[in-house]
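*Asks:* My structure is stored as run_37.tsv, with TSV, C-alpha atoms.
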```tsv
chain	number	residue	atom	x	y	z
O	1	MET	CA	101.20	118.85	95.11
O	2	ASN	CA	104.71	119.39	96.48
O	3	SER	CA	107.47	117.09	95.28
O	4	SER	CA	109.38	117.37	98.56
O	5	SER	CA	106.56	116.23	100.79
O	6	GLU	CA	103.99	113.51	101.20
O	7	THR	CA	100.94	114.06	99.05
O	8	ALA	CA	97.77	112.06	98.70
O	9	VAL	CA	94.73	113.10	96.70
O	10	ASN	CA	91.84	111.46	94.93
O	11	SER	CA	89.51	112.70	92.25
O	12	ALA	CA	86.30	112.08	94.14
O	13	ASN	CA	84.91	114.46	96.76
O	14	SER	CA	82.77	111.79	98.40
O	15	PRO	CA	83.66	108.70	100.40
O	16	VAL	CA	85.12	105.92	98.28
O	17	ALA	CA	85.75	102.39	99.53
O	18	PRO	CA	89.38	101.25	99.35
O	19	ALA	CA	90.23	99.72	95.98
O	20	ALA	CA	93.16	97.60	94.90
O	21	GLY	CA	95.69	99.27	92.65
O	22	GLY	CA	95.82	98.53	88.93
O	23	GLU	CA	98.82	97.99	86.70
O	24	VAL	CA	100.72	101.22	86.09
O	25	LEU	CA	102.11	101.60	82.57
O	26	VAL	CA	104.66	104.28	81.72
O	27	ASN	CA	105.45	104.56	78.02
O	28	ALA	CA	106.52	108.17	77.99
O	29	GLY	CA	109.39	110.61	78.11
O	30	ILE	CA	110.57	114.11	78.88
O	31	THR	CA	113.06	115.35	76.30
O	32	GLU	CA	114.53	118.05	78.52
O	33	ARG	CA	115.49	115.39	81.08
O	34	ASN	CA	116.72	112.84	78.50
O	35	VAL	CA	114.28	110.28	79.87
O	36	THR	CA	112.28	107.92	77.64
O	37	VAL	CA	111.04	104.73	79.29
O	38	GLN	CA	108.65	101.92	78.61
O	39	CYS	CA	107.95	99.90	81.73
O	40	ALA	CA	105.09	98.26	83.60
O	41	PHE	CA	104.52	98.16	87.33
O	42	PRO	CA	102.42	95.09	88.28
O	43	ALA	CA	99.06	95.64	89.93
O	44	GLY	CA	99.02	95.28	93.70
O	45	LEU	CA	102.74	94.57	93.96
O	46	ILE	CA	105.69	96.56	95.29
O	47	THR	CA	108.19	97.53	92.59
O	48	ALA	CA	111.60	99.04	93.29
O	49	ILE	CA	113.19	101.41	90.78
O	50	VAL	CA	116.99	101.32	91.01
O	51	GLY	CA	119.73	103.10	89.14
O	52	PRO	CA	122.54	105.62	89.52
O	53	ASN	CA	122.00	109.29	90.32
O	54	GLY	CA	120.50	111.14	87.38
O	55	ALA	CA	119.22	107.95	85.74
O	56	GLY	CA	115.61	109.18	85.63
O	57	LYS	CA	114.09	107.35	88.60
O	58	SER	CA	112.45	110.37	90.22
O	59	THR	CA	111.35	111.60	86.78
O	60	ILE	CA	109.28	108.43	86.41
O	61	LEU	CA	107.61	109.08	89.76
O	62	GLY	CA	106.98	112.67	88.70
O	63	MET	CA	105.20	111.58	85.52
O	64	ILE	CA	103.02	109.15	87.48
O	65	SER	CA	102.15	111.64	90.22
O	66	GLY	CA	101.48	114.54	87.86
O	67	LEU	CA	104.28	116.69	89.22
O	68	LEU	CA	105.92	116.37	85.78
O	69	THR	CA	104.19	116.29	82.39
O	70	PRO	CA	105.61	114.01	79.68
O	71	ASP	CA	106.02	115.56	76.24
O	72	SER	CA	105.53	112.21	74.50
O	73	GLY	CA	103.82	108.89	75.12
O	74	GLU	CA	101.29	107.84	77.72
O	75	VAL	CA	101.02	107.18	81.45
O	76	ARG	CA	98.10	105.14	82.77
O	77	SER	CA	96.89	103.20	85.80
O	78	GLY	CA	94.53	100.41	84.90
O	79	GLU	CA	91.95	101.95	82.54
O	80	THR	CA	92.64	105.51	83.71
O	81	VAL	CA	94.89	107.58	81.46
O	82	PHE	CA	96.96	109.96	83.58
O	83	ALA	CA	98.69	111.67	80.66
O	84	ASP	CA	98.95	111.36	76.89
O	85	ALA	CA	99.44	113.58	73.84
O	86	THR	CA	96.17	115.44	74.39
O	87	ARG	CA	95.80	115.85	78.15
O	88	SER	CA	97.36	115.44	81.57
O	89	LEU	CA	95.27	114.93	84.68
O	90	PRO	CA	96.27	117.36	87.42
O	91	PRO	CA	97.78	115.74	90.52
O	92	HIS	CA	94.65	116.18	92.64
O	93	GLN	CA	92.63	114.11	90.17
O	94	ARG	CA	94.93	111.09	90.35
O	95	PRO	CA	94.38	108.33	92.95
O	96	VAL	CA	98.03	108.61	93.93
O	97	ALA	CA	99.91	109.10	97.21
O	98	MET	CA	103.55	110.14	97.35
O	99	LEU	CA	106.00	109.99	100.23
O	100	THR	CA	109.56	111.33	100.09
O	101	GLN	CA	112.42	111.71	102.55
O	102	LYS	CA	110.92	114.94	103.95
O	103	PRO	CA	107.58	114.22	105.65
O	104	LEU	CA	106.68	117.94	106.00
O	105	LEU	CA	103.80	117.45	108.40
O	106	PHE	CA	101.57	120.44	109.09
O	107	PRO	CA	103.30	121.98	112.14
O	108	HIS	CA	100.15	123.66	113.49
O	109	LEU	CA	98.16	120.41	113.64
O	110	SER	CA	98.29	117.41	115.93
O	111	VAL	CA	99.32	114.03	114.59
O	112	LEU	CA	95.68	112.92	114.44
O	113	GLU	CA	94.59	116.04	112.55
O	114	ASN	CA	97.50	115.66	110.12
O	115	VAL	CA	96.34	112.18	109.17
O	116	ALA	CA	92.67	113.19	109.12
O	117	PHE	CA	93.40	116.10	106.76
O	118	GLY	CA	93.07	114.06	103.55
O	119	PRO	CA	89.71	112.49	104.36
O	120	ARG	CA	88.40	115.87	105.54
O	121	ALA	CA	89.53	117.43	102.26
O	122	ARG	CA	87.39	114.83	100.51
O	123	HIS	CA	84.39	116.03	102.53
O	124	LEU	CA	84.15	113.13	104.94
O	125	SER	CA	82.72	113.99	108.33
O	126	ARG	CA	85.07	114.96	111.12
O	127	SER	CA	84.25	111.82	113.09
O	128	GLU	CA	84.75	109.54	110.08
O	129	SER	CA	88.00	111.29	109.16
O	130	ARG	CA	89.32	110.83	112.68
O	131	ARG	CA	88.25	107.17	112.66
O	132	ILE	CA	90.23	106.60	109.47
O	133	ALA	CA	93.17	108.54	110.92
O	134	ARG	CA	93.26	106.40	114.05
O	135	GLN	CA	93.02	103.26	111.92
O	136	GLU	CA	95.96	104.30	109.75
O	137	LEU	CA	98.06	105.39	112.74
O	138	ALA	CA	97.44	102.00	114.36
O	139	ALA	CA	98.45	100.25	111.12
O	140	VAL	CA	101.88	101.91	111.20
O	141	GLY	CA	102.36	101.54	114.97
O	142	ALA	CA	101.88	105.22	115.77
O	143	LEU	CA	98.47	105.41	117.44
O	144	GLU	CA	100.03	106.48	120.74
O	145	LEU	CA	101.29	109.62	118.98
O	146	ALA	CA	97.80	110.80	117.98
O	147	ASP	CA	97.56	113.71	120.42
O	148	ARG	CA	101.12	114.97	120.02
O	149	PRO	CA	101.93	118.11	118.07
O	150	ALA	CA	103.65	117.34	114.78
O	151	THR	CA	106.66	119.38	115.89
O	152	ALA	CA	107.31	117.01	118.81
O	153	LEU	CA	108.16	113.95	116.69
O	154	SER	CA	111.46	112.28	115.87
O	155	GLY	CA	112.46	111.60	112.27
O	156	GLY	CA	111.21	108.03	112.34
O	157	GLN	CA	107.95	109.01	114.03
O	158	SER	CA	107.39	111.75	111.47
O	159	GLN	CA	107.82	109.27	108.61
O	160	ARG	CA	105.33	106.87	110.18
O	161	VAL	CA	102.79	109.66	110.51
O	162	ALA	CA	103.47	110.85	106.95
O	163	LEU	CA	102.87	107.31	105.70
O	164	ALA	CA	99.60	107.11	107.62
O	165	ARG	CA	98.56	110.48	106.18
O	166	ALA	CA	99.40	109.36	102.64
O	167	LEU	CA	97.33	106.18	102.98
O	168	ALA	CA	94.34	107.77	104.72
O	169	THR	CA	92.74	108.62	101.36
O	170	HIS	CA	93.00	104.98	100.20
O	171	PRO	CA	95.18	105.68	97.14
O	172	GLN	CA	95.37	103.06	94.41
O	173	VAL	CA	98.99	103.96	93.66
O	174	VAL	CA	101.65	104.73	96.29
O	175	LEU	CA	104.94	106.37	95.29
O	176	LEU	CA	107.95	106.38	97.63
O	177	ASP	CA	110.99	108.47	96.73
O	178	GLU	CA	113.88	107.39	98.97
O	179	PRO	CA	111.78	107.72	102.15
O	180	PHE	CA	114.55	106.29	104.39
O	181	SER	CA	117.52	108.31	103.15
O	182	ALA	CA	117.30	110.86	105.98
O	183	LEU	CA	116.91	108.22	108.71
O	184	ASP	CA	119.58	106.41	110.73
O	185	VAL	CA	120.26	102.71	110.20
O	186	GLU	CA	118.16	101.47	113.13
O	187	THR	CA	115.19	103.68	112.28
O	188	SER	CA	115.39	102.68	108.61
O	189	ALA	CA	115.21	99.00	109.56
O	190	LYS	CA	112.09	99.63	111.65
O	191	MET	CA	110.46	101.62	108.85
O	192	ARG	CA	111.11	98.80	106.39
O	193	GLU	CA	109.15	96.47	108.67
O	194	VAL	CA	106.32	98.99	109.02
O	195	LEU	CA	106.09	99.58	105.27
O	196	SER	CA	106.30	95.90	104.35
O	197	LYS	CA	103.47	95.02	106.72
O	198	ARG	CA	101.20	97.96	105.92
O	199	LEU	CA	101.56	97.99	102.14
O	200	ARG	CA	100.73	94.29	101.90
O	201	GLN	CA	97.38	94.64	103.62
O	202	GLU	CA	94.34	94.06	101.41
O	203	PRO	CA	93.27	95.71	99.22
O	204	ARG	CA	96.86	96.16	98.12
O	205	PRO	CA	97.79	99.36	96.28
O	206	THR	CA	100.31	99.33	93.48
O	207	VAL	CA	103.52	100.57	95.11
O	208	ILE	CA	106.51	102.05	93.27
O	209	PHE	CA	109.58	103.16	95.20
O	210	VAL	CA	112.99	104.61	94.40
O	211	THR	CA	115.98	103.49	96.44
O	212	HIS	CA	119.77	103.24	96.37
O	213	ASP	CA	119.82	100.53	99.03
O	214	PRO	CA	119.56	96.87	97.93
O	215	LEU	CA	118.33	96.01	101.44
O	216	ASP	CA	115.24	98.12	100.71
O	217	VAL	CA	114.80	96.09	97.53
O	218	TRP	CA	115.09	92.78	99.37
O	219	MET	CA	112.92	93.66	102.36
O	220	LEU	CA	110.16	95.46	100.47
O	221	ALA	CA	110.00	94.70	96.75
O	222	ASP	CA	108.25	92.02	94.73
O	223	HIS	CA	109.58	93.33	91.42
O	224	VAL	CA	112.61	95.37	90.35
O	225	VAL	CA	113.05	97.85	87.49
O	226	ALA	CA	116.57	99.09	86.68
O	227	ILE	CA	117.00	102.48	84.98
O	228	GLU	CA	120.17	103.97	83.52
O	229	LYS	CA	120.67	107.11	81.42
O	230	GLY	CA	116.93	107.62	81.11
O	231	HIS	CA	116.15	104.14	79.77
O	232	LEU	CA	115.02	100.77	81.10
O	233	ILE	CA	117.99	98.39	81.24
O	234	GLY	CA	116.41	95.44	83.03
O	235	GLU	CA	113.57	94.17	85.17
O	236	GLY	CA	112.64	91.00	87.00
O	237	THR	CA	111.84	89.44	90.32
O	238	VAL	CA	113.86	90.32	93.38
O	239	VAL	CA	115.64	86.94	93.37
O	240	GLU	CA	116.52	87.32	89.67
O	241	MET	CA	117.90	90.81	90.15
O	242	LEU	CA	119.79	90.11	93.38
O	243	GLY	CA	120.83	86.51	92.85
O	244	GLN	CA	122.14	86.30	89.28
O	245	PRO	CA	125.37	87.56	87.64
O	246	ALA	CA	123.47	90.35	85.88
O	247	THR	CA	122.91	91.96	89.27
O	248	LYS	CA	126.49	93.27	89.54
O	249	PHE	CA	124.80	96.66	89.17
O	250	LEU	CA	123.14	96.18	92.55
O	251	GLU	CA	126.23	94.63	94.10
O	252	ASN	CA	128.31	97.63	93.08
O	253	LEU	CA	125.58	99.94	94.28
O	254	SER	CA	125.73	98.59	97.81
O	255	GLY	CA	129.45	97.82	97.93
O	256	MET	CA	128.49	94.39	99.29
O	257	ASN	CA	128.29	90.85	97.97
O	258	LEU	CA	124.62	89.87	97.88
O	259	LEU	CA	123.35	86.33	97.35
O	260	ALA	CA	119.67	85.45	97.57
O	261	GLY	CA	118.44	81.97	98.44
O	262	ILE	CA	116.37	79.75	100.69
O	263	ILE	CA	117.02	79.01	104.36
O	264	GLU	CA	118.09	75.37	104.90
O	265	GLU	CA	118.92	75.45	108.61
O	266	SER	CA	117.74	77.91	111.23
O	267	GLY	CA	119.15	78.27	114.73
O	268	ASP	CA	121.64	80.59	116.36
O	269	VAL	CA	123.14	80.81	112.88
O	270	ALA	CA	121.43	80.37	109.53
O	271	THR	CA	122.43	78.31	106.50
O	272	VAL	CA	121.15	79.58	103.16
O	273	ASN	CA	121.19	77.72	99.84
O	274	ALA	CA	121.73	80.20	97.01
O	275	SER	CA	121.31	78.18	93.80
O	276	GLY	CA	123.52	75.38	95.10
O	277	VAL	CA	125.98	77.55	97.02
O	278	GLU	CA	125.63	77.18	100.79
O	279	LEU	CA	126.31	80.17	103.04
O	280	THR	CA	126.24	80.19	106.84
O	281	GLY	CA	125.96	83.47	108.69
O	282	LEU	CA	124.45	85.43	111.55
O	283	TRP	CA	120.90	86.73	111.63
O	284	GLN	CA	120.08	90.41	111.25
O	285	GLY	CA	117.47	91.30	113.86
O	286	ASN	CA	115.42	89.08	116.12
O	287	SER	CA	113.39	87.28	113.46
O	288	HIS	CA	114.65	83.71	112.89
O	289	PRO	CA	112.28	82.08	110.37
O	290	GLY	CA	112.43	78.37	109.67
O	291	PRO	CA	113.62	76.38	106.65
O	292	GLN	CA	112.33	77.10	103.14
O	293	THR	CA	112.01	80.83	103.88
O	294	PRO	CA	113.60	83.26	101.38
O	295	ALA	CA	116.65	85.08	102.70
O	296	LEU	CA	119.38	87.42	101.51
O	297	THR	CA	123.02	87.05	102.54
O	298	ALA	CA	125.36	90.03	102.57
O	299	PHE	CA	129.10	90.20	103.13
O	300	ALA	CA	131.84	92.68	102.32
O	301	PRO	CA	134.36	91.99	99.53
O	302	GLN	CA	137.07	92.69	102.11
O	303	SER	CA	135.89	89.66	104.12
O	304	VAL	CA	136.58	87.21	101.27
O	305	ALA	CA	139.88	85.33	101.63
O	306	LEU	CA	141.35	83.51	98.61
O	307	PHE	CA	143.49	80.35	98.60
O	308	ASP	CA	145.00	78.27	95.82
O	309	THR	CA	144.38	75.01	97.72
O	310	PRO	CA	141.44	73.80	99.83
O	311	VAL	CA	141.26	75.50	103.22
O	312	SER	CA	142.28	73.27	106.14
O	313	GLY	CA	139.76	72.78	108.90
O	314	SER	CA	136.80	72.97	106.49
O	315	PRO	CA	135.39	76.40	107.36
O	316	ARG	CA	131.64	76.63	106.88
O	317	ASN	CA	131.87	79.02	103.94
O	318	THR	CA	134.38	77.69	101.45
O	319	TRP	CA	133.56	77.68	97.75
O	320	GLN	CA	135.31	76.79	94.53
O	321	ALA	CA	135.44	79.81	92.25
O	322	ARG	CA	136.97	81.11	89.06
O	323	VAL	CA	138.47	84.56	88.51
O	324	THR	CA	136.63	86.56	85.83
O	325	ASP	CA	138.26	89.97	86.18
O	326	ILE	CA	140.91	91.90	88.12
O	327	THR	CA	140.43	95.65	88.50
O	328	PRO	CA	142.99	97.95	90.18
O	329	ARG	CA	141.40	100.51	92.51
O	330	GLY	CA	143.95	102.66	94.25
O	331	ALA	CA	146.23	100.60	96.48
O	332	VAL	CA	144.16	97.40	96.15
O	333	GLN	CA	142.78	95.17	93.42
O	334	TRP	CA	139.18	94.00	93.15
O	335	ILE	CA	138.84	90.37	92.11
O	336	SER	CA	135.59	89.34	90.40
O	337	LEU	CA	134.72	85.68	90.94
O	338	ASN	CA	132.14	83.26	89.59
O	339	LEU	CA	130.90	80.58	91.99
O	340	ALA	CA	129.66	77.11	91.08
O	341	GLY	CA	126.03	78.23	90.97
O	342	GLY	CA	126.79	81.02	88.51
O	343	GLN	CA	126.71	83.78	91.13
O	344	SER	CA	129.20	86.63	91.08
O	345	ILE	CA	131.05	87.88	94.14
O	346	GLN	CA	134.02	90.17	94.65
O	347	ALA	CA	137.12	90.05	96.83
O	348	VAL	CA	139.68	92.75	97.63
O	349	LEU	CA	143.40	91.90	97.72
O	350	THR	CA	146.70	93.74	97.70
O	351	PRO	CA	148.77	93.53	94.49
O	352	GLN	CA	151.29	91.42	96.42
O	353	ALA	CA	148.59	88.86	97.30
O	354	VAL	CA	147.38	88.76	93.69
O	355	ASN	CA	150.92	88.05	92.49
O	356	ALA	CA	151.53	85.43	95.18
O	357	LEU	CA	148.40	83.54	94.12
O	358	HIS	CA	149.26	83.97	90.40
O	359	LEU	CA	145.74	85.23	89.77
O	360	ALA	CA	144.51	86.01	86.26
O	361	PRO	CA	141.15	85.81	84.50
O	362	GLY	CA	140.24	82.14	84.28
O	363	SER	CA	142.27	81.08	87.34
O	364	PRO	CA	140.58	78.51	89.63
O	365	ILE	CA	140.59	79.54	93.27
O	366	TYR	CA	139.05	78.77	96.66
O	367	ALA	CA	137.09	81.54	98.41
O	368	GLU	CA	136.45	81.54	102.15
O	369	VAL	CA	134.35	83.80	104.38
O	370	LYS	CA	133.89	83.46	108.14
O	371	ALA	CA	130.31	82.92	109.30
O	372	THR	CA	130.65	85.95	111.55
O	373	GLN	CA	131.23	88.10	108.45
O	374	ILE	CA	127.99	87.09	106.72
O	375	THR	CA	124.69	88.73	107.64
O	376	VAL	CA	121.43	86.93	106.85
O	377	TYR	CA	118.31	89.01	106.17
O	378	PRO	CA	115.04	87.03	106.26
O	379	ARG	CA	112.16	88.20	104.13
```
Can I see the file as structure tokens?

*Replies:*
Amino acid sequence: MNSSSETAVNSANSPVAPAAGGEVLVNAGITERNVTVQCAFPAGLITAIVGPNGAGKSTILGMISGLLTPDSGEVRSGETVFADATRSLPPHQRPVAMLTQKPLLFPHLSVLENVAFGPRARHLSRSESRRIARQELAAVGALELADRPATALSGGQSQRVALARALATHPQVVLLDEPFSALDVETSAKMREVLSKRLRQEPRPTVIFVTHDPLDVWMLADHVVAIEKGHLIGEGTVVEMLGQPATKFLENLSGMNLLAGIIEESGDVATVNASGVELTGLWQGNSHPGPQTPALTAFAPQSVALFDTPVSGSPRNTWQARVTDITPRGAVQWISLNLAGGQSIQAVLTPQAVNALHLAPGSPIYAEVKATQITVYPR
């Protein structure tokens, strides 16, 4: 198994019907890497692992896949022990697929033969392997690429094919290690849609993915695990981790203000209720779901204007707030604010503006953001 490529193997050498993934439990560590974690990844759900560089995220994937062997504790999936103090199953005996940012398709094979490789390695017939390959290519919107050589694909096409190849052996656990980091913004958005649709088809595998992008978390994840300095520092639902004050970690990670809520009005613009705070913004993409649909709003701290009196003209996005912190960063100052619903956002002002508004921790203030500066991401 190669950590820089997609890998998918199962223990059986005979055809096995697809099975739903079980809960993955990691209560293990690697001393050399200063990683010791105890966390659970719910069965059949998609869990995002987030944290700064060097936190131990990829180490967790390595212990699950078998690319790394823990020197303490236990790793298991359902009733199957992957590793403990007495043994460690080799990667090819684990019902695990792994996809990273480098698809590394076999250059001498066609797209179809790349995807059929896993089933053939498990001794399925050539015709059955190709049937499965076509099915998986269709599921990721890449069936028309079946006859192309692997070397004739774009980055996004290669990732689709690598995903199909990973899933062709019907793994119970799917690991994704920053699979979009080498793709451009438009291609990444398309791949999120492909992954979200494919990985939620029944029977659902247990999916664990590492990302630095909160949009990946919002668009893909059901559950979030936060890792820092080799230890678990928090976990919860996506709304809990993106919509509450404790999620400043994710807000800082993206450099954006992120508020999760429910769509109240849907038209050319969308109005989202985030725990009592209403935000109106523009849709991202062509999907415009109706009311009561979960959505994420994103806007830059630089787009937040602050006033000491109510804004005239009643702009759509005006909120009462209270200053919680002021942090100098170079030539500007970052203002941390609490909104009425308990959410945290940030604004960026010059020192002159901070002085003119007489801002200090505890100061009441009005925050305003133009609707054109807020992007709404439906889920």

*Asks:* Considering all atoms listed in the file, state which residue in the set O:Glu186, O:Glu23, O:Asp213, O:Glu228 is at the smallest distance from O:Gln284.

*Replies:*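 Checking each of O:Glu186, O:Glu23, O:Asp213, O:Glu228 against O:Gln284, counting all atoms listed in the file, the winner is O:Glu186.
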
*Asks:* Could you tell me which of O:Thr206, O:Gln93, O:Gln101, O:Ser88 comes closest to O:Ala40 if we count only C-alpha atoms?

*Replies:*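 Under the stated criterion, the closest residue is O:Thr206.
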
*Asks:* Can you pull out the residues contacting stretch 147-163 of chain O? Cut-off 7 Å, using only C-alpha atoms, and skip same-chain residues under 5 positions away; I want them as a PyMOL selection string.

*Replies:* chain O and resi 6+99+103+105-107+109-112+137+140+142+183+187

*Asks:* Could you pull the residues within 10 Å of O:Pro361, counting all atoms listed in the file, minus those fewer than 6 positions along the same chain, as a list in words?

*Replies:* Arg322, Val323, Thr324, Asp325, Ile326, Ile335, Ser336 and Leu337 of chain O

*Asks:* Name the residues, using the chain letters and numbers of the file, that sit within 10 Å of (103.6, 114.9, 72.6) when counting only C-alpha atoms, and give them as a PDB file with C-alpha atoms, in the frame of the given file.

*Replies:*
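point25.pdb written:
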```pdb
ATOM      1  CA  ALA O  28     106.520 108.170  77.990  1.00  0.00           C
ATOM      2  CA  GLY O  29     109.390 110.610  78.110  1.00  0.00           C
ATOM      3  CA  ILE O  30     110.570 114.110  78.880  1.00  0.00           C
ATOM      4  CA  THR O  69     104.190 116.290  82.390  1.00  0.00           C
ATOM      5  CA  PRO O  70     105.610 114.010  79.680  1.00  0.00           C
ATOM      6  CA  ASP O  71     106.020 115.560  76.240  1.00  0.00           C
ATOM      7  CA  SER O  72     105.530 112.210  74.500  1.00  0.00           C
ATOM      8  CA  GLY O  73     103.820 108.890  75.120  1.00  0.00           C
ATOM      9  CA  GLU O  74     101.290 107.840  77.720  1.00  0.00           C
ATOM     10  CA  ALA O  83      98.690 111.670  80.660  1.00  0.00           C
ATOM     11  CA  ASP O  84      98.950 111.360  76.890  1.00  0.00           C
ATOM     12  CA  ALA O  85      99.440 113.580  73.840  1.00  0.00           C
ATOM     13  CA  THR O  86      96.170 115.440  74.390  1.00  0.00           C
ATOM     14  CA  ARG O  87      95.800 115.850  78.150  1.00  0.00           C
TER      15      ARG O  87
END
```

*Asks:* (101.9, 95.5, 90.9) in this file's frame - what residues fall within 10 Å of it? Use all atoms listed in the file and give the answer as a list in words.

*Replies:*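 These residues have at least one counted atom within 10 Å: Ala20, Gly21, Gly22, Glu23, Val24, Ala40, Phe41, Pro42, Ala43, Gly44, Leu45, Ile46, Thr47, Val173, Arg204, Pro205, Thr206, Val207, Ile208, Asp222 and His223 of chain O.
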
*Asks:* Could you please take those selected residues and save C-alpha atoms as a compact mmCIF listing (two decimals), keeping the file's coordinate frame?

*Replies:*
```
# COMPACT_ATOMS: atom_id res chain seq x y z
CA ALA O 20 93.16 97.60 94.90
CA GLY O 21 95.69 99.27 92.65
CA GLY O 22 95.82 98.53 88.93
CA GLU O 23 98.82 97.99 86.70
CA VAL O 24 100.72 101.22 86.09
CA ALA O 40 105.09 98.26 83.60
CA PHE O 41 104.52 98.16 87.33
CA PRO O 42 102.42 95.09 88.28
CA ALA O 43 99.06 95.64 89.93
CA GLY O 44 99.02 95.28 93.70
CA LEU O 45 102.74 94.57 93.96
CA ILE O 46 105.69 96.56 95.29
CA THR O 47 108.19 97.53 92.59
CA VAL O 173 98.99 103.96 93.66
CA ARG O 204 96.86 96.16 98.12
CA PRO O 205 97.79 99.36 96.28
CA THR O 206 100.31 99.33 93.48
CA VAL O 207 103.52 100.57 95.11
CA ILE O 208 106.51 102.05 93.27
CA ASP O 222 108.25 92.02 94.73
CA HIS O 223 109.58 93.33 91.42
```

*Asks:* For O:Glu193, which residue out of O:Arg329, O:Arg379, O:Arg122, O:Arg94 is the nearest one, using only C-alpha atoms?

*Replies:*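 Once distances to O:Glu193 are computed over only C-alpha atoms, the minimum belongs to O:Arg379.
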
*Asks:* Quick one: residues within 12 Å of O:Gly230, only C-alpha atoms, excluding same-chain residues fewer than 5 positions away - as a list of chain:residue names?

*Replies:* O:Ala28, O:Gly29, O:Ile30, O:Thr31, O:Glu32, O:Arg33, O:Asn34, O:Val35, O:Thr36, O:Val37, O:Gln38, O:Cys39, O:Val50, O:Gly51, O:Pro52, O:Asn53, O:Gly54, O:Ala55, O:Gly56, O:Lys57, O:Ser58, O:Thr59, O:Ile60

*Asks:* Next, write the just-selected residues to a file, as a tab-separated table (two decimals), in the coordinates of the input, keeping C-alpha atoms as the atom set.

*Replies:*
```tsv
chain	number	residue	atom	x	y	z
O	28	ALA	CA	106.52	108.17	77.99
O	29	GLY	CA	109.39	110.61	78.11
O	30	ILE	CA	110.57	114.11	78.88
O	31	THR	CA	113.06	115.35	76.30
O	32	GLU	CA	114.53	118.05	78.52
O	33	ARG	CA	115.49	115.39	81.08
O	34	ASN	CA	116.72	112.84	78.50
O	35	VAL	CA	114.28	110.28	79.87
O	36	THR	CA	112.28	107.92	77.64
O	37	VAL	CA	111.04	104.73	79.29
O	38	GLN	CA	108.65	101.92	78.61
O	39	CYS	CA	107.95	99.90	81.73
O	50	VAL	CA	116.99	101.32	91.01
O	51	GLY	CA	119.73	103.10	89.14
O	52	PRO	CA	122.54	105.62	89.52
O	53	ASN	CA	122.00	109.29	90.32
O	54	GLY	CA	120.50	111.14	87.38
O	55	ALA	CA	119.22	107.95	85.74
O	56	GLY	CA	115.61	109.18	85.63
O	57	LYS	CA	114.09	107.35	88.60
O	58	SER	CA	112.45	110.37	90.22
O	59	THR	CA	111.35	111.60	86.78
O	60	ILE	CA	109.28	108.43	86.41
```

*Asks:* Can you pull out the residues contacting O:Val210? Cut-off 7 Å, using all atoms listed in the file, and skip same-chain residues under 6 positions away; I want them as number ranges by chain.

*Replies:* O: 48-50, 57, 176-178

*Asks:* Missing atoms in stretch 293-304 of chain O: can you complete it with N, CA and C atoms, as a compact mmCIF listing (two decimals), in the coordinates of the input?

*Replies:*
```txt
# COMPACT_ATOMS: atom_id res chain seq x y z
N THR O 293 112.35 79.41 103.92
CA THR O 293 112.01 80.83 103.88
C THR O 293 113.05 81.57 103.04
N PRO O 294 112.63 82.48 102.15
CA PRO O 294 113.60 83.26 101.38
C PRO O 294 114.48 84.11 102.29
N ALA O 295 115.73 84.27 101.91
CA ALA O 295 116.65 85.08 102.70
C ALA O 295 117.72 85.67 101.78
N LEU O 296 118.29 86.77 102.23
CA LEU O 296 119.38 87.42 101.51
C LEU O 296 120.61 87.39 102.39
N THR O 297 121.75 87.00 101.81
CA THR O 297 123.02 87.05 102.54
C THR O 297 123.85 88.21 102.02
N ALA O 298 124.53 88.88 102.94
CA ALA O 298 125.36 90.03 102.57
C ALA O 298 126.70 89.94 103.27
N PHE O 299 127.77 90.19 102.53
CA PHE O 299 129.10 90.20 103.13
C PHE O 299 130.01 91.09 102.30
N ALA O 300 130.96 91.72 102.98
CA ALA O 300 131.84 92.68 102.32
C ALA O 300 132.89 91.98 101.47
N PRO O 301 133.26 92.56 100.33
CA PRO O 301 134.36 91.99 99.53
C PRO O 301 135.65 91.85 100.33
N GLN O 302 135.86 92.75 101.29
CA GLN O 302 137.07 92.69 102.11
C GLN O 302 137.10 91.48 103.03
N SER O 303 135.94 90.83 103.24
CA SER O 303 135.89 89.66 104.12
C SER O 303 136.18 88.36 103.38
N VAL O 304 136.35 88.41 102.07
CA VAL O 304 136.58 87.21 101.27
C VAL O 304 138.08 86.93 101.19
```
